[in-house]
Each structure stands twice: as C-alpha cells, then as structure tokens.
$ cat input-v2.pdb   # PDB, C-alpha atoms, pLDDT in the B column
ATOM      1  CA  MET A   1     -13.518  -1.593   9.734  1.00 94.00           C
ATOM      2  CA  LEU A   2     -10.245  -2.606   8.104  1.00 96.00           C
ATOM      3  CA  LEU A   3      -8.910  -1.822   4.651  1.00 96.00           C
ATOM      4  CA  ARG A   4      -9.477  -5.471   3.665  1.00 96.00           C
ATOM      5  CA  ASP A   5     -13.232  -4.907   4.096  1.00 97.00           C
ATOM      6  CA  ILE A   6     -13.418  -2.425   1.203  1.00 97.00           C
ATOM      7  CA  ALA A   7     -10.391  -3.149  -0.993  1.00 97.00           C
ATOM      8  CA  HIS A   8      -7.991  -5.729  -2.344  1.00 96.00           C
ATOM      9  CA  LEU A   9      -4.365  -5.374  -3.395  1.00 94.00           C
ATOM     10  CA  ARG A  10      -1.900  -6.161  -6.150  1.00 92.00           C
ATOM     11  CA  THR A  11       1.755  -5.915  -5.249  1.00 88.00           C
ATOM     12  CA  GLY A  12       5.147  -6.063  -6.832  1.00 84.00           C
ATOM     13  CA  ASP A  13       8.757  -5.442  -5.973  1.00 81.00           C
ATOM     14  CA  LYS A  14      11.862  -4.586  -7.916  1.00 82.00           C
ATOM     15  CA  GLY A  15      15.164  -4.005  -6.207  1.00 81.00           C
ATOM     16  CA  ASP A  16      14.541  -1.888  -3.135  1.00 82.00           C
ATOM     17  CA  ILE A  17      11.099  -0.642  -4.235  1.00 88.00           C
ATOM     18  CA  SER A  18       7.768  -2.126  -3.246  1.00 88.00           C
ATOM     19  CA  GLN A  19       4.659  -1.148  -5.179  1.00 91.00           C
ATOM     20  CA  ILE A  20       1.204  -1.700  -3.713  1.00 93.00           C
ATOM     21  CA  SER A  21      -1.986  -1.039  -5.654  1.00 96.00           C
ATOM     22  CA  VAL A  22      -5.054  -0.648  -3.432  1.00 97.00           C
ATOM     23  CA  ILE A  23      -8.244  -1.298  -5.423  1.00 98.00           C
ATOM     24  CA  ALA A  24     -11.729  -0.628  -4.066  1.00 98.00           C
ATOM     25  CA  TYR A  25     -14.185  -3.498  -4.309  1.00 98.00           C
ATOM     26  CA  ALA A  26     -16.916  -0.994  -5.207  1.00 98.00           C
ATOM     27  CA  PRO A  27     -16.640   2.469  -6.799  1.00 98.00           C
ATOM     28  CA  GLU A  28     -18.361   4.104  -3.821  1.00 97.00           C
ATOM     29  CA  HIS A  29     -15.422   3.095  -1.594  1.00 98.00           C
ATOM     30  CA  TYR A  30     -12.835   4.988  -3.641  1.00 98.00           C
ATOM     31  CA  GLU A  31     -13.286   8.272  -1.742  1.00 97.00           C
ATOM     32  CA  THR A  32     -12.740   6.405   1.523  1.00 97.00           C
ATOM     33  CA  LEU A  33      -9.457   5.075   0.137  1.00 97.00           C
ATOM     34  CA  VAL A  34      -8.377   8.587  -0.849  1.00 98.00           C
ATOM     35  CA  ARG A  35      -9.272   9.934   2.586  1.00 97.00           C
ATOM     36  CA  CYS A  36      -7.873   7.108   4.720  1.00 97.00           C
ATOM     37  CA  VAL A  37      -4.931   5.587   2.838  1.00 97.00           C
ATOM     38  CA  THR A  38      -2.641   8.601   3.064  1.00 97.00           C
ATOM     39  CA  PRO A  39       1.139   8.458   2.843  1.00 96.00           C
ATOM     40  CA  GLU A  40       1.322   9.491   6.510  1.00 96.00           C
ATOM     41  CA  ARG A  41      -0.987   6.697   7.653  1.00 96.00           C
ATOM     42  CA  VAL A  42       0.787   4.106   5.493  1.00 95.00           C
ATOM     43  CA  ARG A  43       4.169   5.171   6.917  1.00 94.00           C
ATOM     44  CA  ALA A  44       2.808   4.945  10.473  1.00 94.00           C
ATOM     45  CA  HIS A  45       1.246   1.533   9.806  1.00 93.00           C
ATOM     46  CA  LEU A  46       4.500   0.199   8.322  1.00 90.00           C
ATOM     47  CA  ALA A  47       6.683   1.993  10.885  1.00 90.00           C
ATOM     48  CA  GLY A  48       9.206  -0.839  11.102  1.00 84.00           C
ATOM     49  CA  LEU A  49      10.393  -0.171   7.549  1.00 83.00           C
ATOM     50  CA  SER A  50      13.068   2.289   6.473  1.00 84.00           C
ATOM     51  CA  ILE A  51      11.003   3.877   3.717  1.00 90.00           C
ATOM     52  CA  ARG A  52      13.001   6.669   2.039  1.00 93.00           C
ATOM     53  CA  THR A  53      10.133   8.028  -0.016  1.00 95.00           C
ATOM     54  CA  LEU A  54       6.499   7.090  -0.393  1.00 96.00           C
ATOM     55  CA  HIS A  55       4.556   8.261  -3.433  1.00 97.00           C
ATOM     56  CA  ARG A  56       0.791   7.879  -3.725  1.00 98.00           C
ATOM     57  CA  TYR A  57      -0.830   8.037  -7.146  1.00 98.00           C
ATOM     58  CA  GLU A  58      -4.599   8.373  -7.445  1.00 98.00           C
ATOM     59  CA  LEU A  59      -6.313   6.402 -10.206  1.00 98.00           C
ATOM     60  CA  PRO A  60      -9.977   7.462  -9.969  1.00 98.00           C
ATOM     61  CA  THR A  61     -11.043   5.744 -13.191  1.00 98.00           C
ATOM     62  CA  LEU A  62      -9.855   2.437 -11.722  1.00 98.00           C
ATOM     63  CA  HIS A  63     -11.081   3.280  -8.181  1.00 98.00           C
ATOM     64  CA  ALA A  64      -7.547   2.597  -6.996  1.00 98.00           C
ATOM     65  CA  LEU A  65      -4.437   4.058  -5.411  1.00 98.00           C
ATOM     66  CA  ASN A  66      -0.898   3.088  -6.328  1.00 97.00           C
ATOM     67  CA  LEU A  67       1.686   3.323  -3.541  1.00 96.00           C
ATOM     68  CA  VAL A  68       5.391   3.277  -4.381  1.00 95.00           C
ATOM     69  CA  LEU A  69       7.589   2.675  -1.337  1.00 93.00           C
ATOM     70  CA  GLU A  70      11.252   3.333  -2.060  1.00 91.00           C
ATOM     71  CA  GLY A  71      13.636   1.766   0.441  1.00 84.00           C
ATOM     72  CA  ALA A  72      10.977  -0.552   1.855  1.00 81.00           C
ATOM     73  CA  LEU A  73      12.870  -3.753   1.091  1.00 79.00           C
ATOM     74  CA  ALA A  74      16.076  -3.181   3.108  1.00 67.00           C
ATOM     75  CA  GLY A  75      18.378  -2.931   0.096  1.00 65.00           C
ATOM     76  CA  GLY A  76      16.434  -5.260  -2.157  1.00 63.00           C
ATOM     77  CA  VAL A  77      14.896  -8.698  -2.006  1.00 60.00           C
ATOM     78  CA  THR A  78      18.166 -10.541  -2.643  1.00 59.00           C
ATOM     79  CA  ARG A  79      20.163  -8.381  -0.162  1.00 56.00           C
ATOM     80  CA  SER A  80      17.689  -8.274   2.716  1.00 54.00           C
ATOM     81  CA  LEU A  81      18.122 -10.282   5.910  1.00 55.00           C
ATOM     82  CA  SER A  82      14.363 -10.008   6.477  1.00 53.00           C
ATOM     83  CA  LEU A  83      12.383 -13.190   6.036  1.00 49.00           C
ATOM     84  CA  ASP A  84       9.979 -12.712   3.130  1.00 49.00           C
ATOM     85  CA  ALA A  85       9.714  -8.907   3.325  1.00 52.00           C
ATOM     86  CA  HIS A  86       8.525  -8.718  -0.258  1.00 59.00           C
ATOM     87  CA  GLY A  87       5.643  -6.700  -1.682  1.00 61.00           C
ATOM     88  CA  LYS A  88       3.043  -9.393  -0.988  1.00 64.00           C
ATOM     89  CA  THR A  89       3.908  -9.450   2.704  1.00 74.00           C
ATOM     90  CA  LEU A  90       3.775  -5.651   2.956  1.00 77.00           C
ATOM     91  CA  GLY A  91       0.436  -5.665   1.151  1.00 78.00           C
ATOM     92  CA  ALA A  92      -0.957  -8.202   3.596  1.00 77.00           C
ATOM     93  CA  GLN A  93       0.151  -5.960   6.483  1.00 81.00           C
ATOM     94  CA  LEU A  94      -1.478  -2.942   4.855  1.00 85.00           C
ATOM     95  CA  LEU A  95      -4.834  -4.738   4.624  1.00 87.00           C
ATOM     96  CA  ASP A  96      -4.979  -4.478   8.434  1.00 84.00           C
ATOM     97  CA  LEU A  97      -5.032  -0.657   8.257  1.00 89.00           C
ATOM     98  CA  SER A  98      -7.977   0.712  10.209  1.00 90.00           C
ATOM     99  CA  ILE A  99     -10.513   2.621   8.074  1.00 88.00           C
ATOM    100  CA  ASP A 100     -13.099   4.970   9.578  1.00 79.00           C
TER     101      ASP A 100
END

$ encode --input "input-v2.pdb" --output "structure tokens"
Amino acid sequence: MLLRDIAHLRTGDKGDISQISVIAYAPEHYETLVRCVTPERVRAHLAGLSIRTLHRYELPTLHALNLVLEGALAGGVTRSLSLDAHGKTLGAQLLDLSID
C-alpha cells in the first residue's frame, strides 16, 4: 500500500522551505500516518534533497501531519536550478511512500 491510498496532501513553499500537510482520508488511518510517516522515513524517501531540518507536527483533531522541510528547495524557488522542485512536486513524490 502507498501513502496515496490512505491520505491526500496540501503543499506550500516559501523561500527555501517546503511545507507538506498529509491528511488522512478517514480518521482510522491517522494512527498509520503517525506510525509510518516519520521524519526518518520522509528523509530517506526524499534522499536526493539537501534537507537541513525536518519538523513533523501532529494534528490529531484534523487527522493530519504537517511536515516542514527546511533547505528542501535548493536555496529557494527562484534560486534553484532544479526544474519544478516546488512543494507540489515534493508532495507528489511523498505520495509514493510505502505504508505497511
């Protein structure tokens, strides 16, 4: 099973920071998100990025996690040589994370 099977995302970026909110489709999937979408697994899944810090905030009332990836955008959207390495692209990559 992949993350996309139990959750959807909202993303944003500002400067060199990408923010990804992972929202469970159903409340019963929230605990799976907490267990499987760890900072370590996100870093490993997005290993090609130079993430300085990754913060994960749990939002149980919303059945969601908020991930803040500092340094993920190679200096910022307007300074990056990467083609479309914005929050939406990173979110799409994260939806392929394997969930057990």

$ closest_residue --input "input-v2.pdb" --among "A:Pro60, A:His55, A:Lys14, A:Leu69" --to "Gly91 of chain A" --atoms "only C-alpha atoms"
A:Leu69

$ resolve_selection --input "input-v2.pdb" --expression "the PyMOL selection byres ((chain A and resi 65) around 10)" --output "list in words"
Leu9, Ile20, Ser21, Val22, Ile23, Ala24, Tyr30, Leu33, Val34, Val37, Thr38, Arg56, Tyr57, Glu58, Leu59, Pro60, Leu62, His63, Ala64, Asn66, Leu67 and Val68 of chain A

$ write_last_selection --input "input-v2.pdb" --atoms "C-alpha atoms" --output "short mmCIF file (atom, residue, chain, number, x, y, z; two decimals), keeping the file's coordinate frame"
data_model
loop_
_atom_site.label_atom_id
_atom_site.label_comp_id
_atom_site.auth_asym_id
_atom_site.auth_seq_id
_atom_site.Cartn_x
_atom_site.Cartn_y
_atom_site.Cartn_z
CA LEU A 9 -4.36 -5.37 -3.40
CA ILE A 20 1.20 -1.70 -3.71
CA SER A 21 -1.99 -1.04 -5.65
CA VAL A 22 -5.05 -0.65 -3.43
CA ILE A 23 -8.24 -1.30 -5.42
CA ALA A 24 -11.73 -0.63 -4.07
CA TYR A 30 -12.84 4.99 -3.64
CA LEU A 33 -9.46 5.08 0.14
CA VAL A 34 -8.38 8.59 -0.85
CA VAL A 37 -4.93 5.59 2.84
CA THR A 38 -2.64 8.60 3.06
CA ARG A 56 0.79 7.88 -3.72
CA TYR A 57 -0.83 8.04 -7.15
CA GLU A 58 -4.60 8.37 -7.44
CA LEU A 59 -6.31 6.40 -10.21
CA PRO A 60 -9.98 7.46 -9.97
CA LEU A 62 -9.86 2.44 -11.72
CA HIS A 63 -11.08 3.28 -8.18
CA ALA A 64 -7.55 2.60 -7.00
CA ASN A 66 -0.90 3.09 -6.33
CA LEU A 67 1.69 3.32 -3.54
CA VAL A 68 5.39 3.28 -4.38
#

$ atom_distance --input "input-v2.pdb" --atom1 "atom CA of Gln19 of chain A" --atom2 "atom CA of Met1 of chain A"
23.5 Å

$ resolve_selection --input "input-v2.pdb" --expression "the PyMOL selection byres ((chain A and resi 51) around 10)" --output "VMD selection string"
chain A and resid 16 to 18 43 46 to 50 52 to 54 68 to 74

$ atom_distance --input "input-v2.pdb" --atom1 "atom CA of Glu31 of chain A" --atom2 "atom CA of His45 of chain A"
19.7 Å

$ resolve_selection --input "input-v2.pdb" --expression "the PyMOL selection byres ((chain A and resi 94) around 9)" --output "PyMOL selection string"
chain A and resi 3-4+42+45-46+89-93+95-97

$ write_last_selection --input "input-v2.pdb" --atoms "C-alpha atoms" --output "PDB file, keeping the file's coordinate frame"
ATOM      1  CA  LEU A   3      -8.910  -1.822   4.651  1.00 96.00           C
ATOM      2  CA  ARG A   4      -9.477  -5.471   3.665  1.00 96.00           C
ATOM      3  CA  VAL A  42       0.787   4.106   5.493  1.00 95.00           C
ATOM      4  CA  HIS A  45       1.246   1.533   9.806  1.00 93.00           C
ATOM      5  CA  LEU A  46       4.500   0.199   8.322  1.00 90.00           C
ATOM      6  CA  THR A  89       3.908  -9.450   2.704  1.00 74.00           C
ATOM      7  CA  LEU A  90       3.775  -5.651   2.956  1.00 77.00           C
ATOM      8  CA  GLY A  91       0.436  -5.665   1.151  1.00 78.00           C
ATOM      9  CA  ALA A  92      -0.957  -8.202   3.596  1.00 77.00           C
ATOM     10  CA  GLN A  93       0.151  -5.960   6.483  1.00 81.00           C
ATOM     11  CA  LEU A  95      -4.834  -4.738   4.624  1.00 87.00           C
ATOM     12  CA  ASP A  96      -4.979  -4.478   8.434  1.00 84.00           C
ATOM     13  CA  LEU A  97      -5.032  -0.657   8.257  1.00 89.00           C
TER      14      LEU A  97
END

$ closest_residue --input "input-v2.pdb" --among "A:Ala7, A:Ala26, A:Ala44, A:Cys36" --to "Ile99 of chain A" --atoms "only C-alpha atoms"
A:Cys36

$ atom_distance --input "input-v2.pdb" --atom1 "atom CA of Asp100 of chain A" --atom2 "atom CA of Glu28 of chain A"
14.4 Å

$ axis_aligned_box --input "input-v2.pdb" --around "segment 11-30 of chain A" --padding-each-side "6 Å" --output "AutoDock Vina command-line options"
--center_x -1.6 --center_y -0.5 --center_z -4.8 --size_x 45.5 --size_y 23.1 --size_z 18.3
